[in-house]
$ cat final.cif   # mmCIF, N, CA and C atoms and all ligand atoms
data_entry
#
loop_
_atom_site.label_atom_id
_atom_site.label_comp_id
_atom_site.auth_asym_id
_atom_site.auth_seq_id
_atom_site.Cartn_x
_atom_site.Cartn_y
_atom_site.Cartn_z
N MET A 1 -45.26 61.06 -15.04
CA MET A 1 -44.15 60.45 -14.29
C MET A 1 -43.52 61.46 -13.34
N LYS A 2 -43.11 60.99 -12.22
CA LYS A 2 -42.45 61.89 -11.28
C LYS A 2 -40.94 61.93 -11.56
N PRO A 3 -40.34 63.03 -11.34
CA PRO A 3 -38.89 63.14 -11.61
C PRO A 3 -38.06 62.49 -10.50
N ARG A 4 -37.88 61.17 -10.62
CA ARG A 4 -37.20 60.43 -9.52
C ARG A 4 -35.71 60.69 -9.45
N ILE A 5 -35.09 60.82 -10.63
CA ILE A 5 -33.62 60.97 -10.63
C ILE A 5 -33.15 62.25 -9.93
N PRO A 6 -33.76 63.39 -10.27
CA PRO A 6 -33.32 64.60 -9.55
C PRO A 6 -33.48 64.48 -8.03
N LYS A 7 -34.53 63.76 -7.58
CA LYS A 7 -34.74 63.61 -6.15
C LYS A 7 -33.58 62.80 -5.52
N LEU A 8 -33.18 61.72 -6.16
CA LEU A 8 -32.05 60.92 -5.67
C LEU A 8 -30.78 61.76 -5.63
N ALA A 9 -30.59 62.54 -6.69
CA ALA A 9 -29.38 63.36 -6.77
C ALA A 9 -29.31 64.34 -5.61
N SER A 10 -30.47 64.94 -5.27
CA SER A 10 -30.44 65.93 -4.19
C SER A 10 -30.20 65.24 -2.84
N THR A 11 -30.65 63.99 -2.69
CA THR A 11 -30.36 63.24 -1.46
C THR A 11 -28.86 62.99 -1.31
N ALA A 12 -28.23 62.62 -2.42
CA ALA A 12 -26.79 62.36 -2.40
C ALA A 12 -26.01 63.62 -2.02
N THR A 13 -26.42 64.74 -2.58
CA THR A 13 -25.76 66.01 -2.28
C THR A 13 -25.87 66.32 -0.80
N CYS A 14 -27.08 66.07 -0.26
CA CYS A 14 -27.34 66.30 1.15
C CYS A 14 -26.40 65.48 2.03
N ALA A 15 -26.24 64.20 1.72
CA ALA A 15 -25.38 63.32 2.51
C ALA A 15 -23.93 63.81 2.46
N ALA A 16 -23.49 64.22 1.28
CA ALA A 16 -22.12 64.71 1.14
C ALA A 16 -21.92 65.97 1.98
N ALA A 17 -22.93 66.83 1.98
CA ALA A 17 -22.84 68.08 2.74
C ALA A 17 -22.76 67.78 4.24
N LEU A 18 -23.50 66.76 4.68
CA LEU A 18 -23.49 66.40 6.10
C LEU A 18 -22.12 65.87 6.53
N LEU A 19 -21.50 65.08 5.66
CA LEU A 19 -20.19 64.52 5.98
C LEU A 19 -19.11 65.60 6.05
N GLY A 20 -19.18 66.55 5.10
CA GLY A 20 -18.25 67.66 5.11
C GLY A 20 -16.88 67.29 4.60
N PRO A 21 -16.07 68.29 4.29
CA PRO A 21 -14.73 68.03 3.74
C PRO A 21 -13.83 67.29 4.73
N ALA A 22 -14.00 67.53 6.01
CA ALA A 22 -13.15 66.87 7.02
C ALA A 22 -13.33 65.36 6.96
N ALA A 23 -14.57 64.92 6.78
CA ALA A 23 -14.85 63.48 6.72
C ALA A 23 -14.14 62.85 5.53
N PHE A 24 -14.14 63.54 4.40
CA PHE A 24 -13.48 62.99 3.22
C PHE A 24 -11.97 62.97 3.41
N ALA A 25 -11.42 64.02 4.00
CA ALA A 25 -9.97 64.07 4.23
C ALA A 25 -9.57 62.91 5.15
N HIS A 26 -10.38 62.67 6.17
CA HIS A 26 -10.09 61.59 7.10
C HIS A 26 -10.15 60.23 6.40
N ALA A 27 -11.19 60.05 5.58
CA ALA A 27 -11.35 58.80 4.85
C ALA A 27 -10.15 58.56 3.94
N ALA A 28 -9.68 59.61 3.27
CA ALA A 28 -8.54 59.47 2.37
C ALA A 28 -7.30 59.06 3.15
N ALA A 29 -7.11 59.68 4.32
CA ALA A 29 -5.92 59.38 5.11
C ALA A 29 -5.95 57.94 5.62
N GLU A 30 -7.14 57.41 5.86
CA GLU A 30 -7.27 56.08 6.43
C GLU A 30 -7.34 54.98 5.35
N ALA A 31 -7.45 55.40 4.09
CA ALA A 31 -7.60 54.42 3.02
C ALA A 31 -6.39 53.49 2.96
N PRO A 32 -6.61 52.21 2.75
CA PRO A 32 -5.48 51.30 2.66
C PRO A 32 -4.59 51.68 1.47
N ASN A 33 -3.32 51.64 1.67
CA ASN A 33 -2.41 52.04 0.61
C ASN A 33 -1.17 51.16 0.68
N ALA A 34 -0.71 50.74 -0.48
CA ALA A 34 0.44 49.85 -0.54
C ALA A 34 1.71 50.53 -0.03
N ALA A 35 1.83 51.83 -0.27
CA ALA A 35 3.06 52.53 0.10
C ALA A 35 3.07 52.87 1.59
N PRO A 36 4.15 52.49 2.31
CA PRO A 36 4.25 52.94 3.70
C PRO A 36 4.32 54.47 3.73
N THR A 37 3.74 55.05 4.75
CA THR A 37 3.61 56.51 4.79
C THR A 37 4.35 57.12 5.97
N THR A 38 5.05 58.19 5.69
CA THR A 38 5.71 58.97 6.73
C THR A 38 5.09 60.37 6.74
N HIS A 39 4.78 60.85 7.93
CA HIS A 39 4.13 62.16 8.03
C HIS A 39 5.11 63.22 8.47
N VAL A 40 5.01 64.38 7.84
CA VAL A 40 5.81 65.54 8.24
C VAL A 40 4.81 66.65 8.54
N SER A 41 4.86 67.18 9.76
CA SER A 41 3.93 68.26 10.05
C SER A 41 4.64 69.60 9.92
N ILE A 42 3.88 70.57 9.52
CA ILE A 42 4.40 71.93 9.37
C ILE A 42 3.78 72.77 10.48
N LYS A 43 4.62 73.19 11.39
CA LYS A 43 4.14 73.87 12.60
C LYS A 43 5.11 74.96 12.99
N GLN A 44 4.56 76.11 13.35
CA GLN A 44 5.39 77.23 13.81
C GLN A 44 6.56 77.49 12.86
N PHE A 45 6.24 77.50 11.58
CA PHE A 45 7.21 77.86 10.55
C PHE A 45 8.41 76.92 10.52
N ALA A 46 8.16 75.63 10.73
CA ALA A 46 9.22 74.64 10.64
C ALA A 46 8.62 73.29 10.24
N PHE A 47 9.46 72.46 9.65
CA PHE A 47 9.04 71.10 9.29
C PHE A 47 9.43 70.15 10.42
N HIS A 48 8.50 69.30 10.83
CA HIS A 48 8.75 68.32 11.91
C HIS A 48 8.39 66.94 11.38
N ALA A 49 9.26 66.00 11.27
CA ALA A 49 10.68 66.17 11.55
C ALA A 49 11.35 66.89 10.38
N LYS A 50 12.37 67.60 10.72
CA LYS A 50 13.10 68.36 9.71
C LYS A 50 13.78 67.42 8.72
N ARG A 51 14.26 66.29 9.22
CA ARG A 51 14.92 65.30 8.35
C ARG A 51 14.27 63.95 8.59
N VAL A 52 13.79 63.34 7.53
CA VAL A 52 13.23 61.99 7.68
C VAL A 52 13.93 61.05 6.72
N VAL A 53 14.07 59.81 7.14
CA VAL A 53 14.69 58.78 6.32
C VAL A 53 13.62 57.74 6.00
N VAL A 54 13.40 57.50 4.71
CA VAL A 54 12.35 56.56 4.31
C VAL A 54 12.91 55.56 3.29
N LYS A 55 12.16 54.49 3.10
CA LYS A 55 12.55 53.50 2.09
C LYS A 55 12.00 53.92 0.73
N LYS A 56 12.71 53.54 -0.31
CA LYS A 56 12.26 53.81 -1.67
C LYS A 56 10.84 53.27 -1.85
N GLY A 57 9.98 54.05 -2.45
CA GLY A 57 8.59 53.63 -2.65
C GLY A 57 7.65 54.13 -1.56
N SER A 58 8.22 54.76 -0.53
CA SER A 58 7.39 55.29 0.56
C SER A 58 6.70 56.58 0.13
N ARG A 59 5.60 56.81 0.80
CA ARG A 59 4.88 58.06 0.59
C ARG A 59 5.21 59.01 1.75
N VAL A 60 5.49 60.25 1.42
CA VAL A 60 5.68 61.27 2.45
C VAL A 60 4.52 62.24 2.35
N VAL A 61 3.86 62.48 3.49
CA VAL A 61 2.71 63.37 3.52
C VAL A 61 3.02 64.55 4.44
N TRP A 62 2.95 65.74 3.89
CA TRP A 62 3.11 66.95 4.69
C TRP A 62 1.74 67.49 5.03
N LYS A 63 1.60 67.98 6.25
CA LYS A 63 0.33 68.62 6.63
C LYS A 63 0.62 69.96 7.28
N ASN A 64 -0.05 70.98 6.78
CA ASN A 64 0.15 72.32 7.35
C ASN A 64 -0.75 72.54 8.56
N SER A 65 -0.14 72.66 9.72
CA SER A 65 -0.91 72.91 10.94
C SER A 65 -0.77 74.37 11.39
N ASP A 66 -0.16 75.20 10.57
CA ASP A 66 -0.05 76.63 10.87
C ASP A 66 -1.25 77.38 10.31
N SER A 67 -1.43 78.61 10.80
CA SER A 67 -2.50 79.42 10.23
C SER A 67 -2.02 80.16 8.98
N ASP A 68 -0.71 80.17 8.73
CA ASP A 68 -0.16 80.76 7.52
C ASP A 68 0.04 79.67 6.45
N PRO A 69 -0.05 80.06 5.18
CA PRO A 69 0.19 79.07 4.12
C PRO A 69 1.68 78.73 4.00
N HIS A 70 1.95 77.52 3.55
CA HIS A 70 3.32 77.07 3.30
C HIS A 70 3.34 76.25 2.02
N THR A 71 4.54 76.13 1.45
CA THR A 71 4.71 75.25 0.29
C THR A 71 5.85 74.28 0.58
N ILE A 72 5.97 73.26 -0.27
CA ILE A 72 7.07 72.31 -0.20
C ILE A 72 7.67 72.28 -1.60
N LYS A 73 8.94 72.63 -1.70
CA LYS A 73 9.58 72.59 -3.02
C LYS A 73 10.99 72.04 -2.89
N SER A 74 11.25 70.97 -3.61
CA SER A 74 12.59 70.37 -3.52
C SER A 74 13.59 71.25 -4.27
N ALA A 75 14.82 71.26 -3.75
CA ALA A 75 15.85 72.13 -4.31
C ALA A 75 16.11 71.81 -5.77
N LYS A 76 16.01 70.54 -6.15
CA LYS A 76 16.32 70.16 -7.53
C LYS A 76 15.07 69.95 -8.38
N GLY A 77 13.93 70.39 -7.88
CA GLY A 77 12.72 70.35 -8.68
C GLY A 77 12.03 68.99 -8.77
N HIS A 78 12.37 68.07 -7.86
CA HIS A 78 11.72 66.75 -7.91
C HIS A 78 10.26 66.81 -7.49
N PHE A 79 9.95 67.72 -6.60
CA PHE A 79 8.55 67.88 -6.20
C PHE A 79 8.30 69.32 -5.79
N SER A 80 7.07 69.74 -5.94
CA SER A 80 6.73 71.13 -5.66
C SER A 80 5.23 71.22 -5.41
N SER A 81 4.86 71.77 -4.27
CA SER A 81 3.43 71.83 -3.93
C SER A 81 2.87 73.22 -4.25
N GLU A 82 1.58 73.29 -4.32
CA GLU A 82 0.89 74.57 -4.28
C GLU A 82 0.96 75.07 -2.85
N ALA A 83 0.51 76.29 -2.60
CA ALA A 83 0.44 76.79 -1.23
C ALA A 83 -0.59 75.97 -0.45
N LEU A 84 -0.18 75.47 0.71
CA LEU A 84 -1.08 74.69 1.55
C LEU A 84 -1.68 75.60 2.61
N ASP A 85 -2.99 75.63 2.66
CA ASP A 85 -3.66 76.36 3.74
C ASP A 85 -3.71 75.48 4.98
N THR A 86 -4.20 76.04 6.05
CA THR A 86 -4.31 75.29 7.30
C THR A 86 -5.06 73.98 7.08
N GLY A 87 -4.44 72.86 7.50
CA GLY A 87 -5.10 71.56 7.39
C GLY A 87 -4.88 70.87 6.05
N ASP A 88 -4.33 71.58 5.08
CA ASP A 88 -4.10 70.96 3.76
C ASP A 88 -2.91 69.99 3.83
N THR A 89 -2.95 68.99 2.96
CA THR A 89 -1.84 68.04 2.89
C THR A 89 -1.29 67.99 1.48
N TYR A 90 -0.07 67.52 1.39
CA TYR A 90 0.60 67.32 0.10
C TYR A 90 1.39 66.03 0.22
N SER A 91 1.29 65.15 -0.75
CA SER A 91 2.01 63.89 -0.62
C SER A 91 2.79 63.56 -1.88
N VAL A 92 3.91 62.90 -1.66
CA VAL A 92 4.80 62.50 -2.75
C VAL A 92 5.25 61.07 -2.49
N VAL A 93 5.21 60.24 -3.51
CA VAL A 93 5.78 58.90 -3.40
C VAL A 93 7.24 58.99 -3.85
N MET A 94 8.13 58.57 -2.95
CA MET A 94 9.57 58.70 -3.21
C MET A 94 10.07 57.48 -3.97
N ARG A 95 10.21 57.62 -5.27
CA ARG A 95 10.53 56.47 -6.12
C ARG A 95 12.03 56.30 -6.37
N HIS A 96 12.82 57.29 -5.99
CA HIS A 96 14.26 57.24 -6.26
C HIS A 96 15.06 57.47 -5.00
N ALA A 97 16.13 56.69 -4.85
CA ALA A 97 17.00 56.87 -3.70
C ALA A 97 17.76 58.19 -3.84
N GLY A 98 18.08 58.77 -2.70
CA GLY A 98 18.84 60.02 -2.72
C GLY A 98 18.47 60.90 -1.55
N THR A 99 19.10 62.05 -1.51
CA THR A 99 18.80 63.03 -0.46
C THR A 99 18.13 64.22 -1.14
N PHE A 100 16.92 64.52 -0.69
CA PHE A 100 16.14 65.57 -1.32
C PHE A 100 15.89 66.68 -0.31
N SER A 101 16.61 67.77 -0.46
CA SER A 101 16.36 68.90 0.44
C SER A 101 15.26 69.75 -0.17
N TYR A 102 14.50 70.39 0.69
CA TYR A 102 13.39 71.21 0.21
C TYR A 102 13.20 72.41 1.12
N ILE A 103 12.48 73.37 0.60
CA ILE A 103 12.16 74.58 1.38
C ILE A 103 10.68 74.91 1.20
N CYS A 104 10.24 75.86 2.01
CA CYS A 104 8.96 76.53 1.75
C CYS A 104 9.30 77.78 0.95
N THR A 105 8.71 77.92 -0.23
CA THR A 105 9.07 79.06 -1.09
C THR A 105 8.55 80.39 -0.52
N ILE A 106 7.55 80.32 0.34
CA ILE A 106 7.03 81.56 0.95
C ILE A 106 7.96 82.01 2.08
N HIS A 107 8.53 81.05 2.78
CA HIS A 107 9.45 81.33 3.89
C HIS A 107 10.72 80.50 3.63
N PRO A 108 11.62 81.00 2.78
CA PRO A 108 12.76 80.17 2.34
C PRO A 108 13.71 79.74 3.46
N TYR A 109 13.55 80.30 4.64
CA TYR A 109 14.37 79.85 5.79
C TYR A 109 13.84 78.54 6.35
N MET A 110 12.69 78.10 5.89
CA MET A 110 12.16 76.80 6.34
C MET A 110 12.77 75.70 5.48
N HIS A 111 13.61 74.89 6.11
CA HIS A 111 14.30 73.82 5.38
C HIS A 111 13.86 72.45 5.88
N GLY A 112 13.84 71.49 4.97
CA GLY A 112 13.61 70.11 5.35
C GLY A 112 14.42 69.20 4.44
N GLU A 113 14.47 67.94 4.81
CA GLU A 113 15.25 66.99 4.01
C GLU A 113 14.62 65.61 4.08
N ILE A 114 14.48 64.98 2.91
CA ILE A 114 14.00 63.60 2.83
C ILE A 114 15.15 62.75 2.31
N VAL A 115 15.52 61.76 3.09
CA VAL A 115 16.55 60.82 2.64
C VAL A 115 15.84 59.53 2.24
N VAL A 116 16.02 59.12 1.00
CA VAL A 116 15.36 57.92 0.49
C VAL A 116 16.42 56.84 0.27
N ARG A 117 16.19 55.68 0.89
CA ARG A 117 17.18 54.59 0.79
C ARG A 117 16.57 53.37 0.16
CU CU B 201 6.19 78.66 4.80
#

$ encode --input "final.cif" --output "structure tokens" --more "lines below"
Ligand SMILES: [Cu+2]
Amino acid sequence: MKPRIPKLASTATCAAALLGPAAFAHAAAEAPNAAPTTHVSIKQFAFHAKRVVVKKGSRVVWKNSDSDPHTIKSAKGHFSSEALDTGDTYSVVMRHAGTFSYICTIHPYMHGEIVVR
């Protein structure tokens, strides 16, 4: 018998390699999702927009467009990201109303605020 399963497995690996991580990131961003999404970009050591107002249940997605790593950490510990490298994203579904200020722990002068209504 010929080893058919390993051959199929190597084909699948090949296809994944061709698509690359960018293709998967794009697919994830485009996937249908019940939660409305607000994007915050991290650029030139600042959050844009610095203050966003969203409805309860919304998803907030941060994307690091700098060449330096950044983090997102809420002042009261509601959310906290790992260090995001260039192009990395971090998302949080805002389930509670309130005002959530946050900083980048690597550059604590970077401030942002999410207002959930
Ligand atoms: Cu930073």

$ atom_distance --input "final.cif" --atom1 "atom CA of Pro108 of chain A" --atom2 "atom N of Pro36 of chain A"
29.0 Å

$ residues_near_ligand --input "final.cif" --ligand "ligand CU 201 (chain B)" --cutoff "5 Å" --atoms "all atoms listed in the file" --output "PyMOL selection string"
chain A and resi 69-71+104+106-107

$ residues_around --input "final.cif" --residues "segment 49-62 of chain A" --least-positions-apart "5" --cutoff "8 Å" --atoms "all atoms listed in the file" --output "list in words"
Ala34, Ala35, Pro36, Thr37, Thr38, His39, Val40, Ser41, Ile42, Gly87, Asp88, Thr89, Tyr90, Ser91, Val92, Val93, Met94, Arg95, His96, Ala97, Gly98, His111, Gly112, Glu113, Ile114, Val115, Val116 and Arg117 of chain A

$ residues_around --input "final.cif" --residues "Lys73 of chain A" --least-positions-apart "3" --cutoff "5 Å" --atoms "all atoms listed in the file" --output "JSON list (two decimals) with N, CA and C atoms, keeping the file's coordinate frame"
[["chain", "number", "residue", "atom", "x", "y", "z"],
["A", 79, "PHE", "N", 9.95, 67.72, -6.60],
["A", 79, "PHE", "CA", 8.55, 67.88, -6.20],
["A", 79, "PHE", "C", 8.30, 69.32, -5.79],
["A", 80, "SER", "N", 7.07, 69.74, -5.94],
["A", 80, "SER", "CA", 6.73, 71.13, -5.66],
["A", 80, "SER", "C", 5.23, 71.22, -5.41],
["A", 81, "SER", "N", 4.86, 71.77, -4.27],
["A", 81, "SER", "CA", 3.43, 71.83, -3.93],
["A", 81, "SER", "C", 2.87, 73.22, -4.25],
["A", 102, "TYR", "N", 14.50, 70.39, 0.69],
["A", 102, "TYR", "CA", 13.39, 71.21, 0.21],
["A", 102, "TYR", "C", 13.20, 72.41, 1.12],
["A", 103, "ILE", "N", 12.48, 73.37, 0.60],
["A", 103, "ILE", "CA", 12.16, 74.58, 1.38],
["A", 103, "ILE", "C", 10.68, 74.91, 1.20]]

$ atom_distance --input "final.cif" --atom1 "atom CA of Ser101 of chain A" --atom2 "atom CA of Gly77 of chain A"
9.9 Å

$ atom_distance --input "final.cif" --atom1 "atom CA of Ser67 of chain A" --atom2 "atom CA of Phe47 of chain A"
14.3 Å

$ residues_around --input "final.cif" --residues "Thr86 of chain A" --least-positions-apart "3" --cutoff "6 Å" --atoms "only C-alpha atoms" --output "ChimeraX atom specification"
/A:64-67

$ select_by_dssp --input "final.cif" --residues "segment 32-93 of chain A" --states "strand (DSSP E)" --output "list in words"
Thr37, Thr38, His39, Val40, Ser41, Ile42, Lys43, Ala46, Phe47, His48, Arg51, Val52, Val53, Val54, Arg59, Val60, Val61, Trp62, Lys63, Asn64, Lys73, Ser74, Thr89, Tyr90, Ser91, Val92 and Val93 of chain A

$ write_last_selection --input "final.cif" --atoms "N, CA and C atoms" --output "compact mmCIF listing (two decimals), in the coordinates of the input"
# COMPACT_ATOMS: atom_id res chain seq x y z
N THR A 37 3.74 55.05 4.75
CA THR A 37 3.61 56.51 4.79
C THR A 37 4.35 57.12 5.97
N THR A 38 5.05 58.19 5.69
CA THR A 38 5.71 58.97 6.73
C THR A 38 5.09 60.37 6.74
N HIS A 39 4.78 60.85 7.93
CA HIS A 39 4.13 62.16 8.03
C HIS A 39 5.11 63.22 8.47
N VAL A 40 5.01 64.38 7.84
CA VAL A 40 5.81 65.54 8.24
C VAL A 40 4.81 66.65 8.54
N SER A 41 4.86 67.18 9.76
CA SER A 41 3.93 68.26 10.05
C SER A 41 4.64 69.60 9.92
N ILE A 42 3.88 70.57 9.52
CA ILE A 42 4.40 71.93 9.37
C ILE A 42 3.78 72.77 10.48
N LYS A 43 4.62 73.19 11.39
CA LYS A 43 4.14 73.87 12.60
C LYS A 43 5.11 74.96 12.99
N ALA A 46 8.16 75.63 10.73
CA ALA A 46 9.22 74.64 10.64
C ALA A 46 8.62 73.29 10.24
N PHE A 47 9.46 72.46 9.65
CA PHE A 47 9.04 71.10 9.29
C PHE A 47 9.43 70.15 10.42
N HIS A 48 8.50 69.30 10.83
CA HIS A 48 8.75 68.32 11.91
C HIS A 48 8.39 66.94 11.38
N ARG A 51 14.26 66.29 9.22
CA ARG A 51 14.92 65.30 8.35
C ARG A 51 14.27 63.95 8.59
N VAL A 52 13.79 63.34 7.53
CA VAL A 52 13.23 61.99 7.68
C VAL A 52 13.93 61.05 6.72
N VAL A 53 14.07 59.81 7.14
CA VAL A 53 14.69 58.78 6.32
C VAL A 53 13.62 57.74 6.00
N VAL A 54 13.40 57.50 4.71
CA VAL A 54 12.35 56.56 4.31
C VAL A 54 12.91 55.56 3.29
N ARG A 59 5.60 56.81 0.80
CA ARG A 59 4.88 58.06 0.59
C ARG A 59 5.21 59.01 1.75
N VAL A 60 5.49 60.25 1.42
CA VAL A 60 5.68 61.27 2.45
C VAL A 60 4.52 62.24 2.35
N VAL A 61 3.86 62.48 3.49
CA VAL A 61 2.71 63.37 3.52
C VAL A 61 3.02 64.55 4.44
N TRP A 62 2.95 65.74 3.89
CA TRP A 62 3.11 66.95 4.69
C TRP A 62 1.74 67.49 5.03
N LYS A 63 1.60 67.98 6.25
CA LYS A 63 0.33 68.62 6.63
C LYS A 63 0.62 69.96 7.28
N ASN A 64 -0.05 70.98 6.78
CA ASN A 64 0.15 72.32 7.35
C ASN A 64 -0.75 72.54 8.56
N LYS A 73 8.94 72.63 -1.70
CA LYS A 73 9.58 72.59 -3.02
C LYS A 73 10.99 72.04 -2.89
N SER A 74 11.25 70.97 -3.61
CA SER A 74 12.59 70.37 -3.52
C SER A 74 13.59 71.25 -4.27
N THR A 89 -2.95 68.99 2.96
CA THR A 89 -1.84 68.04 2.89
C THR A 89 -1.29 67.99 1.48
N TYR A 90 -0.07 67.52 1.39
CA TYR A 90 0.60 67.32 0.10
C TYR A 90 1.39 66.03 0.22
N SER A 91 1.29 65.15 -0.75
CA SER A 91 2.01 63.89 -0.62
C SER A 91 2.79 63.56 -1.88
N VAL A 92 3.91 62.90 -1.66
CA VAL A 92 4.80 62.50 -2.75
C VAL A 92 5.25 61.07 -2.49
N VAL A 93 5.21 60.24 -3.51
CA VAL A 93 5.78 58.90 -3.40
C VAL A 93 7.24 58.99 -3.85
